[in-house]
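A.B. asks: Below: one structure in C-alpha cells.
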Amino acid sequence: MSAPLIALSNVTRCFGHGAAAFQALRGVDLSIGAGEFVAIMGPSGSGKSSLMNILGCLDTPSGGSYRFQGLEVAQLDRDQRALLRRHALGFIFQGFNLLARTSAQENVELPLLYRGEPASRRRLLAREALAAVGLEGWGHHTPAELSGGQQQRVAIARALVTEPSLLLADEPTGNLDTERSREIMALLVALNRDKGLTVVMVTHEADMAEYAHRIVRLVDGRIASDIRTTPSVCSEGAH
Amino acid sequence: MLWNAVLLALREIRRKLMRSFLTILGIVIGVSAVITMVTLGNGATRSISDQISSLGSNLLIVRPGQQLGPGRDSAGAASFRVADADALRSQVSGLAAVVPVSGKSVTLVAMARNWSSSVTGSSADWFATGKWQLASGRIFNEAEERAGAAVCVIGETVRKELFGGFDVVGQQLRVKQFSCEVIGLLASKGQSTMGNDQDDLVVMPLRTLQRRLTGSVDVGSLMISVRDGASIDAAKNEVTWLMRERRHVSPGDNDDFSVMDTRQIAETLSGTTRVLTGLLGAVAAVSLLVGGIGIMNIMLVSVTERTREIGIRLAIGAREGEVLLQFLIEAVALSSLGGVVGIGLASLASIAGAALMKVPYLFDPVINLLSFGFSAAIGVIFGYVPARRAARLDPIEALRHE
Ligand SMILES: Nc1ncnc2c1ncn2[C@@H]1O[C@H](COP(=O)(O)OP(=O)(O)OP(=O)(O)O)[C@@H](O)[C@H]1O
Ligand SMILES: [Mg+2]
C-alpha cells in the first residue's frame with residue numbers, strides 16, 4: 001500500500017491557556033488508507049469532534065503531525081487549507097450547520113458555487129444530491145421549515161454533492177430514525193464500495209458502527225482500541 | 001463568482017430592508033445635498049450672468065470705494081456729485097449717456113395701503129440705459145428733472161401691491177412725507193436671481209430724491225453707456241483718469257472708486273456665488289463621510305450577527321479573499337444604492353428648488369457621476385474593516401458562535 005490518505009502521529013490538541021487549558025487530544029496515532037470506512041466511537045467529550053476538525057483541515061494540531069495525501073497540513077496556509085476542503089473533503093457537521101433563511105437547494109449548491117460550477121450544473125447536481133438522500137421536491141424549503149432529520153439529510157447532500165475523496169461525518173444519523181439511518185448508511189456504503197469514497201464517521205450507535213470496516217475507540221483524547229471488522233451488514237435488511 | 005456575490009449582497013439588503021434603508025440614509029442625504037447645492041449654485045451663477053449681460057456689453061458702472069464684491073470698502077470713499085456726471089459727459093468722448101443714480105429705501109402709501117420699497121433717483125436716460133420699457137404713461141422730462149418735480153414712474157410690483165386693478169397713471173403716491181404723481185408704469189422685468197424682485201421700485205428725478213428724501217447732493221453711482229462702436233477699454237481708461245483728477249487721487253495711490261463693465265460685474269457676482277456653492281458643497285460632503293461611518297457600523301454589526309454563516313462558508317472551502325469580497329460588495333452595494341437614491345432625490349430637489357428660486361435648472365453630469373463614484377468609494381473604504389474582520393474569522397470559532 002502506498003502512503004495512506006490520512007496519517008496522524010502523536011497529534012495533540014490543547015484548548016485554552018494556563019490553568020484553564022484543556023487537552024482534548026493527548027497523542028493520537030492513526031493512519032487511514034484510501035477507500036476505508038472507519039467508525040470513531042467514544043464517550044461524549046472524548047475528543048471525537050476535535051479529531052474530526054483536525055482531519056477536516058478546519059483546525060490544526062497543537063502538537064504532532066497530520067499528513068493528508070502526504071501533505072503536512074500544519075504547513076499549509078489558510079487559503080491552501082480552504083482549497084483542500086473545497087476540492088477533496090466533504091464534511092457533515094454534528095450541528096448540521098446549514099445557512100439559515102436559505103433554501104435547501106441553495107445550501108447544497110453552496111460548495112459548487114465556490115468550486116466555480118456554472119449555475120445550470122449547480123442546480124442539476126444539487127437536485128440529484130437531494131434526491132439521493134430522499135428529499136426530492138424539498139429544495140425550496142429553508143432549514144427552519146424542515147425537521148431535524150431533514151436538515152441532517154440536507155447537510156449530507158451538501159457534503160456529497162462535490163463527490164469528495166474523503167467524507168467526514170460527525171454523527172450523520174444522530175437525528176434520524178432507524179429506517180432513515182439505514183438508508184443513509186446504505187448510501188454511504190454504496191459510495192464507499194462503488195466510488196472508493198473514504199468515510200470517517202463518528203457515531204454513538206453500535207448498529208451504525210457495524211457498517212464500517214474498522215472501529216476506532218477514543219477515550220479521554222487517546223485511542224483506546226482500533227479494531228478491523230468484517231462488516232456484518234452490507235445491505236439493507238440484514239440481521 | 002463576482003456576479004454571485006452581487007446577487008447575494010442584493011438579497012441580503014432586501015432581507016433587511018428597513019435596516020438597509022436607515023443605513024444608506026446618511027449617504028442619500030449627503031449625495032442629494034451635494035448635488036442639489038452645486039446644481040442650484042450653477043443655476044444661480046448662470047442666471048446672474050445672463051441678467052447682467054442682458055444689459056448689454058457697453059455699460060460701465062462707476063461706484064465709490066475700491067472693488068465690487070466681498071470685502072468692498074466704500075465706507076471712507078466720498079460719494080459722487082451731479083457735477084461729476086456733467087464733467088464726464090462733456091470731457092470724455094465716445095459716451096452715449098452718463099446717468100447719476102441714487103437710491104433710498106422707503107415706505108410707500110397709496111389707496112390706504114402701504115408697501116416697503118426702494119426709490120431710485122436718476123435722469124431720464126436711466127430708462128434707456130437700463131433697457132426698461134414703459135407699460136403705460138410716460139417718463140419724466142427735462143423740465144421736471146431740473147425742477148425736481150414730484151413725479152414718479154413705478155414698477156409692476158408696486159402697482160400690484162398698492163393700486164390693485166386700478167389705472168395708475170395720474171394717481172397720487174405718498175413717498176415718506178411727500179406726495180408725488182405717478183406718470184408712468186414700467187413693463188415687468190420679472191424676478192432676478194436670489195429672489196430679488198426687479199419690478200419692486202419707484203423711479204423719480206434725481207433732484208426730487210435729493211431734496212425731498214435724502215436731503216443731500218450725494219450721488220450713489222454713475223451708469224455710463226458707451227456709444228456703439230467706441231472702445232469700452234478706452235472709455236474706461238478715460239473715465240478713470242478724469243475721476244482720479246476730480247477726486248484728487250495722488251499718483252501712485254489706488255483709485256477710491258471702481259469702474260467696471262458688465263462682464264466684470266457678472267464675473268465678480270458669479271465668483272461670489274461660486275464660493276458659496278463650494279462652501280455649501282463642502283458641508284454636504286461632510287454628511288457623506290458621516291454616512292460612510294454609518295455603513296461601517298452596520299456592517300460590523302452584520303459581521304457579528306452572521307459569524308455562523310461566515311464559519312459555514314469558510315468550512316465549505318471559501319477562501320479569505322472570497323469572504324472579504326462578499327462583504328465588501330455588500331458594503332459597496334449599500335453605499336452605491338444610497339448614491340443612486342440620492343441622485344434621484346437631488347434631481348427632484350434641484351428642479352423644485354430651481355423653480356422656486358427662479359433660476360435655470362442645469363443638469364451637471366460631472367457632479368452626479370462624481371457623487372456616485374464617491375458614494376461607491378465610501379462603501380469600499382468603510383466596508384473594508386468589517387469585511388476583513390469577517391474574512392479573518394477562525395472557522396472553528398465561527399461555527400461554535402451562537
Ligand atoms: N474550541 C474549544 N474551546 C475549548 N474547549 C473545547 C473546544 N472544542 C472542544 N473543546 C473541549 O474538548 C473536549 C472534547 O470535545 P469534543 O467536541 O471533541 O467532544 P466529542 O467527543 O465530540 O463529544 P460529543 O460526543 O458530545 O460530541 C470537550 O471537553 C470540550 O469542552
Ligand atoms: Mg462531537
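Please note that chains go A, B, ... in the order of the C-alpha cells, that every chain numbers its residues from 1, and that ligands are numbered from 1 in the order shown.
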Which residues of chain B sit at most 8 Å from ligand 1, using only C-alpha atoms and all ligand atoms? Give each one's shortest atom pair and distance in Å (one decimal place), in chain and ascending residue order, as a tab-separated table.
C.D. replies:
```
residue	atom	partner	partner_atom_place_in_ligand_line	distance
B:Ile396	CA	ligand 1	1 (N)	6.8
B:Glu397	CA	ligand 1	1 (N)	6.3
B:Arg400	CA	ligand 1	1 (N)	7.3
```
A.B. asks: Tell me which protein, DNA and RNA residues are within 7 Å of region 74-81 of chain A, counting only C-alpha atoms, leaving out same-chain ones fewer than 4 positions away, and put them as a PyMOL selection string.
C.D. replies: (chain A and resi 57+60+85) or (chain B and resi 319-320)
A.B. asks: Compile the residues of chain A that lie within 9 Å of chain B, evaluated using only C-alpha atoms, and express the compilation as a compact mmCIF listing (two decimals) with all heavy atoms, in the first residue's frame.
C.D. replies:
```
# COMPACT_ATOMS: atom_id res chain seq x y z
N ASN A 53 -12.34 17.74 13.32
CA ASN A 53 -11.99 19.07 12.84
C ASN A 53 -10.56 19.10 12.30
O ASN A 53 -10.28 19.76 11.31
CB ASN A 53 -12.13 20.11 13.96
CG ASN A 53 -13.58 20.41 14.25
OD1 ASN A 53 -14.45 20.14 13.42
ND2 ASN A 53 -13.85 20.94 15.42
N GLY A 56 -10.48 17.29 9.07
CA GLY A 56 -11.13 18.09 8.02
C GLY A 56 -10.38 19.37 7.70
O GLY A 56 -10.91 20.22 6.98
N CYS A 57 -9.17 19.53 8.22
CA CYS A 57 -8.35 20.72 7.94
C CYS A 57 -9.04 22.01 8.37
O CYS A 57 -8.76 23.09 7.83
CB CYS A 57 -7.98 20.82 6.46
SG CYS A 57 -7.11 19.40 5.85
N LEU A 58 -9.99 21.89 9.30
CA LEU A 58 -10.62 23.10 9.84
C LEU A 58 -9.78 23.62 10.99
O LEU A 58 -9.83 24.80 11.34
CB LEU A 58 -12.02 22.77 10.36
CG LEU A 58 -13.10 22.63 9.30
CD1 LEU A 58 -14.34 22.00 9.91
CD2 LEU A 58 -13.44 23.99 8.72
N ASP A 59 -9.03 22.73 11.58
CA ASP A 59 -8.25 23.05 12.76
C ASP A 59 -6.88 22.43 12.56
O ASP A 59 -6.72 21.49 11.77
CB ASP A 59 -8.97 22.42 13.98
CG ASP A 59 -8.54 23.09 15.27
OD1 ASP A 59 -7.80 24.09 15.20
OD2 ASP A 59 -8.97 22.61 16.34
N ARG A 78 -3.89 29.34 5.38
CA ARG A 78 -5.35 29.29 5.47
C ARG A 78 -6.01 29.01 4.14
O ARG A 78 -6.92 28.19 4.04
CB ARG A 78 -5.86 30.65 5.98
CG ARG A 78 -6.12 30.70 7.46
CD ARG A 78 -6.54 32.11 7.83
NE ARG A 78 -7.89 32.39 7.34
CZ ARG A 78 -8.92 32.60 8.15
NH1 ARG A 78 -8.76 32.57 9.45
NH2 ARG A 78 -10.10 32.86 7.65
N ASP A 79 -5.56 29.70 3.12
CA ASP A 79 -6.21 29.56 1.81
C ASP A 79 -5.95 28.19 1.21
O ASP A 79 -6.82 27.60 0.57
CB ASP A 79 -5.73 30.66 0.85
CG ASP A 79 -6.48 31.96 1.09
OD1 ASP A 79 -7.43 31.95 1.91
OD2 ASP A 79 -6.13 32.97 0.46
N GLN A 80 -4.73 27.66 1.45
CA GLN A 80 -4.44 26.33 0.91
C GLN A 80 -5.32 25.28 1.59
O GLN A 80 -5.81 24.36 0.94
CB GLN A 80 -2.96 26.01 1.11
CG GLN A 80 -2.08 26.77 0.13
CD GLN A 80 -0.61 26.65 0.47
OE1 GLN A 80 -0.23 26.65 1.64
NE2 GLN A 80 0.21 26.53 -0.55
N ARG A 81 -5.53 25.46 2.91
CA ARG A 81 -6.41 24.52 3.61
C ARG A 81 -7.85 24.68 3.11
O ARG A 81 -8.58 23.70 2.97
CB ARG A 81 -6.33 24.75 5.12
CG ARG A 81 -5.21 23.94 5.75
CD ARG A 81 -5.16 24.11 7.24
NE ARG A 81 -4.43 25.30 7.60
CZ ARG A 81 -4.82 26.16 8.52
NH1 ARG A 81 -5.95 25.96 9.18
NH2 ARG A 81 -4.09 27.22 8.78
N ALA A 82 -8.25 25.92 2.81
CA ALA A 82 -9.60 26.16 2.28
C ALA A 82 -9.77 25.43 0.96
O ALA A 82 -10.80 24.81 0.70
CB ALA A 82 -9.84 27.66 2.12
N LEU A 83 -8.75 25.49 0.12
CA LEU A 83 -8.84 24.83 -1.19
C LEU A 83 -8.89 23.31 -1.03
O LEU A 83 -9.59 22.63 -1.78
CB LEU A 83 -7.66 25.24 -2.07
CG LEU A 83 -7.73 26.69 -2.54
CD1 LEU A 83 -6.50 27.04 -3.36
CD2 LEU A 83 -8.99 26.93 -3.38
N LEU A 84 -8.16 22.80 -0.04
CA LEU A 84 -8.19 21.37 0.26
C LEU A 84 -9.62 20.96 0.65
O LEU A 84 -10.17 19.97 0.17
CB LEU A 84 -7.23 21.08 1.41
CG LEU A 84 -6.57 19.72 1.45
CD1 LEU A 84 -5.77 19.48 0.18
CD2 LEU A 84 -5.66 19.63 2.67
N ARG A 85 -10.23 21.75 1.53
CA ARG A 85 -11.60 21.46 1.97
C ARG A 85 -12.55 21.52 0.78
O ARG A 85 -13.45 20.72 0.62
CB ARG A 85 -12.07 22.49 3.01
CG ARG A 85 -11.36 22.41 4.33
CD ARG A 85 -12.12 23.15 5.41
NE ARG A 85 -12.14 24.59 5.27
CZ ARG A 85 -11.21 25.40 5.74
NH1 ARG A 85 -10.16 24.91 6.38
NH2 ARG A 85 -11.30 26.70 5.58
N ARG A 86 -12.31 22.53 -0.07
CA ARG A 86 -13.21 22.74 -1.20
C ARG A 86 -13.16 21.57 -2.18
O ARG A 86 -14.19 21.14 -2.69
CB ARG A 86 -12.77 24.02 -1.92
CG ARG A 86 -13.59 24.35 -3.14
CD ARG A 86 -13.03 25.52 -3.88
NE ARG A 86 -13.01 26.74 -3.07
CZ ARG A 86 -12.66 27.92 -3.53
NH1 ARG A 86 -12.31 28.06 -4.80
NH2 ARG A 86 -12.65 28.98 -2.77
N HIS A 87 -11.96 21.07 -2.45
CA HIS A 87 -11.82 20.11 -3.54
C HIS A 87 -11.78 18.65 -3.09
O HIS A 87 -12.14 17.78 -3.86
CB HIS A 87 -10.59 20.44 -4.38
CG HIS A 87 -10.75 21.71 -5.14
ND1 HIS A 87 -11.61 21.83 -6.19
CD2 HIS A 87 -10.19 22.93 -4.97
CE1 HIS A 87 -11.57 23.07 -6.66
NE2 HIS A 87 -10.72 23.76 -5.93
N LEU A 89 -12.62 17.42 0.34
CA LEU A 89 -13.31 16.99 1.56
C LEU A 89 -14.81 17.28 1.52
O LEU A 89 -15.25 18.28 0.96
CB LEU A 89 -12.72 17.73 2.77
CG LEU A 89 -11.25 17.45 3.09
CD1 LEU A 89 -10.79 18.34 4.21
CD2 LEU A 89 -11.07 15.99 3.45
N GLY A 90 -15.53 16.36 2.15
CA GLY A 90 -16.93 16.62 2.43
C GLY A 90 -17.11 16.49 3.92
O GLY A 90 -16.57 15.57 4.53
N PHE A 91 -17.81 17.44 4.53
CA PHE A 91 -17.91 17.45 5.99
C PHE A 91 -19.39 17.50 6.38
O PHE A 91 -20.12 18.36 5.92
CB PHE A 91 -17.18 18.69 6.54
CG PHE A 91 -16.60 18.47 7.91
CD1 PHE A 91 -15.22 18.54 8.13
CD2 PHE A 91 -17.43 18.21 8.99
CE1 PHE A 91 -14.69 18.33 9.39
CE2 PHE A 91 -16.89 18.01 10.25
CZ PHE A 91 -15.53 18.07 10.46
N ASN A 97 -25.16 22.77 10.62
CA ASN A 97 -24.55 23.98 10.06
C ASN A 97 -25.03 24.30 8.65
O ASN A 97 -24.25 24.44 7.71
CB ASN A 97 -23.02 23.89 10.07
CG ASN A 97 -22.47 24.16 11.44
OD1 ASN A 97 -23.07 24.91 12.21
ND2 ASN A 97 -21.36 23.55 11.76
N LEU A 98 -26.33 24.42 8.51
CA LEU A 98 -26.89 24.89 7.25
C LEU A 98 -27.03 26.41 7.33
O LEU A 98 -27.16 26.96 8.42
CB LEU A 98 -28.26 24.27 7.01
CG LEU A 98 -28.28 22.74 6.90
CD1 LEU A 98 -29.71 22.25 6.77
CD2 LEU A 98 -27.44 22.27 5.73
N LEU A 99 -27.01 27.07 6.18
CA LEU A 99 -27.24 28.52 6.15
C LEU A 99 -28.72 28.77 6.44
O LEU A 99 -29.59 28.21 5.77
CB LEU A 99 -26.91 29.12 4.79
CG LEU A 99 -25.43 29.21 4.42
CD1 LEU A 99 -25.29 29.97 3.10
CD2 LEU A 99 -24.64 29.90 5.51
N ALA A 100 -28.98 29.59 7.45
CA ALA A 100 -30.36 29.89 7.80
C ALA A 100 -31.00 30.74 6.69
O ALA A 100 -30.28 31.39 5.92
CB ALA A 100 -30.41 30.64 9.12
N LEU A 110 -24.07 25.49 -2.44
CA LEU A 110 -23.01 26.36 -1.95
C LEU A 110 -21.58 25.87 -2.25
O LEU A 110 -20.77 26.63 -2.80
CB LEU A 110 -23.21 26.58 -0.44
CG LEU A 110 -22.44 27.75 0.15
CD1 LEU A 110 -22.89 29.07 -0.45
CD2 LEU A 110 -22.62 27.78 1.66
N PRO A 111 -21.25 24.60 -1.93
CA PRO A 111 -19.87 24.17 -2.23
C PRO A 111 -19.57 24.19 -3.73
O PRO A 111 -18.43 24.44 -4.13
CB PRO A 111 -19.79 22.75 -1.67
CG PRO A 111 -21.16 22.36 -1.30
CD PRO A 111 -22.00 23.57 -1.21
N LEU A 113 -20.77 26.38 -5.77
CA LEU A 113 -20.56 27.79 -6.07
C LEU A 113 -19.09 28.16 -5.90
O LEU A 113 -18.48 28.79 -6.76
CB LEU A 113 -21.43 28.62 -5.12
CG LEU A 113 -21.55 30.10 -5.40
CD1 LEU A 113 -22.49 30.30 -6.56
CD2 LEU A 113 -22.08 30.82 -4.18
N TYR A 114 -18.53 27.71 -4.77
CA TYR A 114 -17.12 28.05 -4.52
C TYR A 114 -16.19 27.29 -5.45
O TYR A 114 -15.06 27.69 -5.66
CB TYR A 114 -16.76 27.80 -3.05
CG TYR A 114 -17.33 28.88 -2.16
CD1 TYR A 114 -18.34 28.61 -1.26
CD2 TYR A 114 -16.86 30.18 -2.27
CE1 TYR A 114 -18.87 29.62 -0.46
CE2 TYR A 114 -17.39 31.19 -1.49
CZ TYR A 114 -18.39 30.91 -0.58
OH TYR A 114 -18.91 31.91 0.18
N ARG A 115 -16.68 26.20 -6.01
CA ARG A 115 -15.87 25.50 -7.00
C ARG A 115 -15.98 26.14 -8.37
O ARG A 115 -15.31 25.72 -9.31
CB ARG A 115 -16.33 24.05 -7.12
CG ARG A 115 -15.89 23.20 -6.00
CD ARG A 115 -16.24 21.78 -6.33
NE ARG A 115 -15.60 20.87 -5.39
CZ ARG A 115 -15.34 19.61 -5.67
NH1 ARG A 115 -15.66 19.11 -6.84
NH2 ARG A 115 -14.76 18.85 -4.77
N GLY A 116 -16.87 27.10 -8.50
CA GLY A 116 -17.00 27.81 -9.78
C GLY A 116 -17.81 27.05 -10.81
O GLY A 116 -17.65 27.27 -12.01
N ALA A 159 -22.57 17.65 1.69
CA ALA A 159 -21.23 17.08 1.80
C ALA A 159 -20.91 16.17 0.61
O ALA A 159 -19.75 16.03 0.24
CB ALA A 159 -21.10 16.30 3.10
```
A.B. asks: Which residues are near ligand 2 - at most 12 Å, using only C-alpha atoms and all ligand atoms? Format: as a ChimeraX atom specification.
C.D. replies: /A:24,40-53,92-96,169-172,174,201-204,218 /B:400
A.B. asks: Write the selection just made, keeping N, CA, C and O atoms, as a tab-separated table (two decimals), in the first residue's frame?
C.D. replies:
```
chain	number	residue	atom	x	y	z
A	24	ALA	N	-7.82	18.18	24.67
A	24	ALA	CA	-8.90	17.39	24.08
A	24	ALA	C	-8.32	16.15	23.41
A	24	ALA	O	-8.95	15.09	23.42
A	40	ILE	N	-15.66	6.09	14.27
A	40	ILE	CA	-15.00	6.53	15.50
A	40	ILE	C	-16.05	6.57	16.59
A	40	ILE	O	-17.10	7.19	16.43
A	41	MET	N	-15.77	5.88	17.68
A	41	MET	CA	-16.73	5.85	18.78
A	41	MET	C	-16.04	6.33	20.05
A	41	MET	O	-14.83	6.47	20.09
A	42	GLY	N	-16.83	6.59	21.05
A	42	GLY	CA	-16.24	7.03	22.31
A	42	GLY	C	-17.23	7.86	23.08
A	42	GLY	O	-18.20	8.38	22.50
A	43	PRO	N	-17.01	7.99	24.38
A	43	PRO	CA	-17.95	8.76	25.20
A	43	PRO	C	-17.95	10.23	24.83
A	43	PRO	O	-17.02	10.73	24.19
A	44	SER	N	-19.00	10.90	25.26
A	44	SER	CA	-19.11	12.33	24.98
A	44	SER	C	-17.94	13.07	25.62
A	44	SER	O	-17.56	12.79	26.76
A	45	GLY	N	-17.34	13.98	24.89
A	45	GLY	CA	-16.23	14.76	25.42
A	45	GLY	C	-14.90	14.06	25.28
A	45	GLY	O	-13.88	14.56	25.75
A	46	SER	N	-14.88	12.92	24.57
A	46	SER	CA	-13.62	12.19	24.46
A	46	SER	C	-12.73	12.77	23.36
A	46	SER	O	-11.61	12.32	23.18
A	47	GLY	N	-13.23	13.74	22.62
A	47	GLY	CA	-12.39	14.40	21.62
A	47	GLY	C	-12.68	13.99	20.19
A	47	GLY	O	-11.90	14.28	19.28
A	48	LYS	N	-13.83	13.37	19.96
A	48	LYS	CA	-14.15	12.89	18.61
A	48	LYS	C	-14.29	14.06	17.63
A	48	LYS	O	-13.69	14.07	16.55
A	49	SER	N	-15.08	15.06	18.02
A	49	SER	CA	-15.27	16.20	17.12
A	49	SER	C	-13.97	16.97	16.92
A	49	SER	O	-13.68	17.45	15.82
A	50	SER	N	-13.19	17.08	17.98
A	50	SER	CA	-11.91	17.77	17.86
A	50	SER	C	-11.04	17.06	16.83
A	50	SER	O	-10.38	17.71	16.00
A	51	LEU	N	-11.04	15.73	16.90
A	51	LEU	CA	-10.25	14.96	15.94
A	51	LEU	C	-10.78	15.17	14.52
A	51	LEU	O	-10.01	15.36	13.57
A	52	MET	N	-12.11	15.14	14.37
A	52	MET	CA	-12.71	15.33	13.04
A	52	MET	C	-12.34	16.70	12.46
A	52	MET	O	-12.06	16.83	11.27
A	53	ASN	N	-12.34	17.74	13.32
A	53	ASN	CA	-11.99	19.07	12.84
A	53	ASN	C	-10.56	19.10	12.30
A	53	ASN	O	-10.28	19.76	11.31
A	92	ILE	N	-19.80	16.52	7.21
A	92	ILE	CA	-21.14	16.59	7.78
A	92	ILE	C	-20.97	16.94	9.25
A	92	ILE	O	-20.36	16.19	10.01
A	93	PHE	N	-21.45	18.13	9.63
A	93	PHE	CA	-21.21	18.61	10.99
A	93	PHE	C	-22.21	18.01	11.95
A	93	PHE	O	-23.35	17.70	11.59
A	94	GLN	N	-21.76	17.94	13.21
A	94	GLN	CA	-22.64	17.42	14.25
A	94	GLN	C	-23.90	18.28	14.37
A	94	GLN	O	-24.99	17.79	14.55
A	95	GLY	N	-23.73	19.60	14.21
A	95	GLY	CA	-24.89	20.51	14.34
A	95	GLY	C	-25.44	20.95	12.99
A	95	GLY	O	-25.97	22.05	12.88
A	96	PHE	N	-25.30	20.16	11.96
A	96	PHE	CA	-25.79	20.42	10.58
A	96	PHE	C	-25.09	21.61	9.94
A	96	PHE	O	-24.55	21.51	8.84
A	169	ALA	N	-17.93	12.51	8.67
A	169	ALA	CA	-19.32	12.63	9.10
A	169	ALA	C	-19.37	12.54	10.62
A	169	ALA	O	-19.01	11.52	11.20
A	170	ASP	N	-19.78	13.64	11.24
A	170	ASP	CA	-19.86	13.67	12.69
A	170	ASP	C	-21.30	13.36	13.10
A	170	ASP	O	-22.18	14.21	13.01
A	171	GLU	N	-21.53	12.13	13.48
A	171	GLU	CA	-22.87	11.63	13.82
A	171	GLU	C	-23.90	11.95	12.73
A	171	GLU	O	-24.83	12.71	12.96
A	172	PRO	N	-23.71	11.38	11.55
A	172	PRO	CA	-24.58	11.72	10.42
A	172	PRO	C	-26.00	11.22	10.61
A	172	PRO	O	-26.91	11.71	9.95
A	174	GLY	N	-27.51	10.94	13.73
A	174	GLY	CA	-27.91	11.25	15.10
A	174	GLY	C	-29.35	11.65	15.25
A	174	GLY	O	-29.97	11.42	16.29
A	201	MET	N	-16.47	8.25	10.13
A	201	MET	CA	-17.77	8.59	10.68
A	201	MET	C	-17.74	8.46	12.19
A	201	MET	O	-17.27	7.46	12.74
A	202	VAL	N	-18.22	9.50	12.87
A	202	VAL	CA	-18.37	9.41	14.32
A	202	VAL	C	-19.77	8.92	14.60
A	202	VAL	O	-20.73	9.38	13.97
A	203	THR	N	-19.89	7.96	15.51
A	203	THR	CA	-21.24	7.52	15.86
A	203	THR	C	-21.28	7.03	17.30
A	203	THR	O	-20.28	6.61	17.87
A	204	HIS	N	-22.44	7.13	17.89
A	204	HIS	CA	-22.65	6.60	19.23
A	204	HIS	C	-23.28	5.22	19.18
A	204	HIS	O	-23.29	4.49	20.15
A	218	LEU	N	-12.19	6.07	21.07
A	218	LEU	CA	-11.46	7.19	21.64
A	218	LEU	C	-11.91	7.35	23.09
A	218	LEU	O	-13.10	7.38	23.37
B	400	ARG	N	-18.72	27.63	16.23
B	400	ARG	CA	-19.18	27.45	17.61
B	400	ARG	C	-19.96	28.66	18.11
B	400	ARG	O	-20.60	28.61	19.15
```
A.B. asks: As a PyMOL selection string, which residues of region 75-316 of chain B does DSSP assign to strand (DSSP E or B)?
C.D. replies: chain B and resi 80+95-110+113-122+134-137+151-154+172-175+178-186+191+197+201-205+219+221-226+257-261
A.B. asks: What is the distance, in Å and to one decimal place, between CA of Val385 (chain B) and CA of Glu330 (chain B)?
C.D. replies: 12.8 Å
A.B. asks: Which polymer residues have any atom within 9 Å of an atom of Arg13 (chain A), counting only C-alpha atoms, with same-chain residues fewer than 4 positions away left out, as a tab-separated table (two decimals) with N, CA and C atoms, in the first residue's frame?
C.D. replies:
```
chain	number	residue	atom	x	y	z
A	22	PHE	N	-7.10	22.88	28.43
A	22	PHE	CA	-7.73	21.57	28.41
A	22	PHE	C	-7.21	20.79	27.21
A	23	GLN	N	-6.75	19.57	27.49
A	23	GLN	CA	-6.22	18.74	26.40
A	23	GLN	C	-7.32	17.86	25.86
A	24	ALA	N	-7.82	18.18	24.67
A	24	ALA	CA	-8.90	17.39	24.08
A	24	ALA	C	-8.32	16.15	23.41
A	25	LEU	N	-7.14	16.27	22.83
A	25	LEU	CA	-6.46	15.11	22.23
A	25	LEU	C	-5.08	15.00	22.87
A	26	ARG	N	-4.74	13.78	23.30
A	26	ARG	CA	-3.48	13.61	24.04
A	26	ARG	C	-2.56	12.62	23.35
A	27	GLY	N	-2.25	12.87	22.09
A	27	GLY	CA	-1.32	11.99	21.39
A	27	GLY	C	-2.04	10.90	20.62
A	50	SER	N	-13.19	17.08	17.98
A	50	SER	CA	-11.91	17.77	17.86
A	50	SER	C	-11.04	17.06	16.83
A	51	LEU	N	-11.04	15.73	16.90
A	51	LEU	CA	-10.25	14.96	15.94
A	51	LEU	C	-10.78	15.17	14.52
A	54	ILE	N	-9.68	18.36	12.99
A	54	ILE	CA	-8.29	18.32	12.51
A	54	ILE	C	-8.22	17.54	11.21
A	60	THR	N	-5.90	22.94	13.27
A	60	THR	CA	-4.56	22.33	13.16
A	60	THR	C	-4.14	21.82	14.54
A	61	PRO	N	-3.36	20.76	14.55
A	61	PRO	CA	-2.95	20.18	15.83
A	61	PRO	C	-2.08	21.14	16.63
A	62	SER	N	-2.14	21.01	17.97
A	62	SER	CA	-1.24	21.81	18.81
A	62	SER	C	0.15	21.17	18.78
A	63	GLY	N	0.19	19.85	18.64
A	63	GLY	CA	1.48	19.17	18.55
A	63	GLY	C	1.33	17.94	17.69
A	221	GLY	N	-9.28	11.48	24.85
A	221	GLY	CA	-8.32	12.05	23.92
A	221	GLY	C	-7.23	11.08	23.48
```
A.B. asks: As an exercise, work out the distance from CA of Gln210 (chain B) to CA of Gly103 (chain B) in Å and give it to one decimal place.
C.D. replies: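 Atom-to-atom, CA of Gln210 (chain B) to CA of Gly103 (chain B), that is 9.4 Å.
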A.B. asks: Suppose you want the space between CA of Phe140 (chain B) and CA of Gly165 (chain B); what is it in Å?
C.D. replies: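 About the pair CA of Phe140 (chain B) and CA of Gly165 (chain B): they are 23.5 Å apart.
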A.B. asks: List every residue of region 52-237 of chain B that DSSP, applied to the backbone, labels as helix (DSSP H, G or I), and write the result as JSON, numbers by chain.
C.D. replies: {"B": [52, 53, 82, 83, 84, 85, 86, 87, 88, 89, 90, 91, 125, 126, 127, 128, 129, 142, 143, 144, 145, 146, 147, 156, 157, 158, 159, 160, 161, 162, 163, 193, 194, 195, 206, 207, 208, 209, 210, 211, 212, 213, 214, 232, 233, 234, 235, 236, 237]}
A.B. asks: Measuring atom to atom with only C-alpha atoms, identify which of A:Ala19, A:Leu176, A:Val73, A:Ala190 is nearest to Glu205 (chain A).
C.D. replies: A:Leu176
A.B. asks: Residues at most 12 Å from Leu187 (chain A), counting only C-alpha atoms, excluding those fewer than 5 positions away in the same chain, as a list in words?
C.D. replies: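 Residues near the query, excluding close chain neighbours: Ala129, Ala131, Ala132, Val133, Gly134, Arg153, Ile156, Ala157, Leu160, Pro172, Arg180, Ser181, Arg182, Asn192, Arg193, Asp194, Lys195, Leu197, Val199, Tyr211, Cys234, Ser235 and Glu236 of chain A.
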A.B. asks: B:Gln326, B:Ser270, B:Ser375, B:Ser336: which is nearest Ser47 (chain B), counting only C-alpha atoms?
C.D. replies: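 Under the stated criterion, the closest residue is B:Ser270.
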A.B. asks: Please identify all polymer residues within 8 Å of Glu181 (chain B), counting only C-alpha atoms, omitting same-chain residues fewer than 2 positions from it, and present them as a VMD selection string.
C.D. replies: chain B and resid 150 to 152 169 to 173 179 183
A.B. asks: Within 9 Å of Thr45 (chain B), counting only C-alpha atoms, which residues show up once you throw out same-chain ones fewer than 4 positions away? Write them as a ChimeraX atom specification, please.
C.D. replies: /B:40-41,49-50,193,266,269-274,359
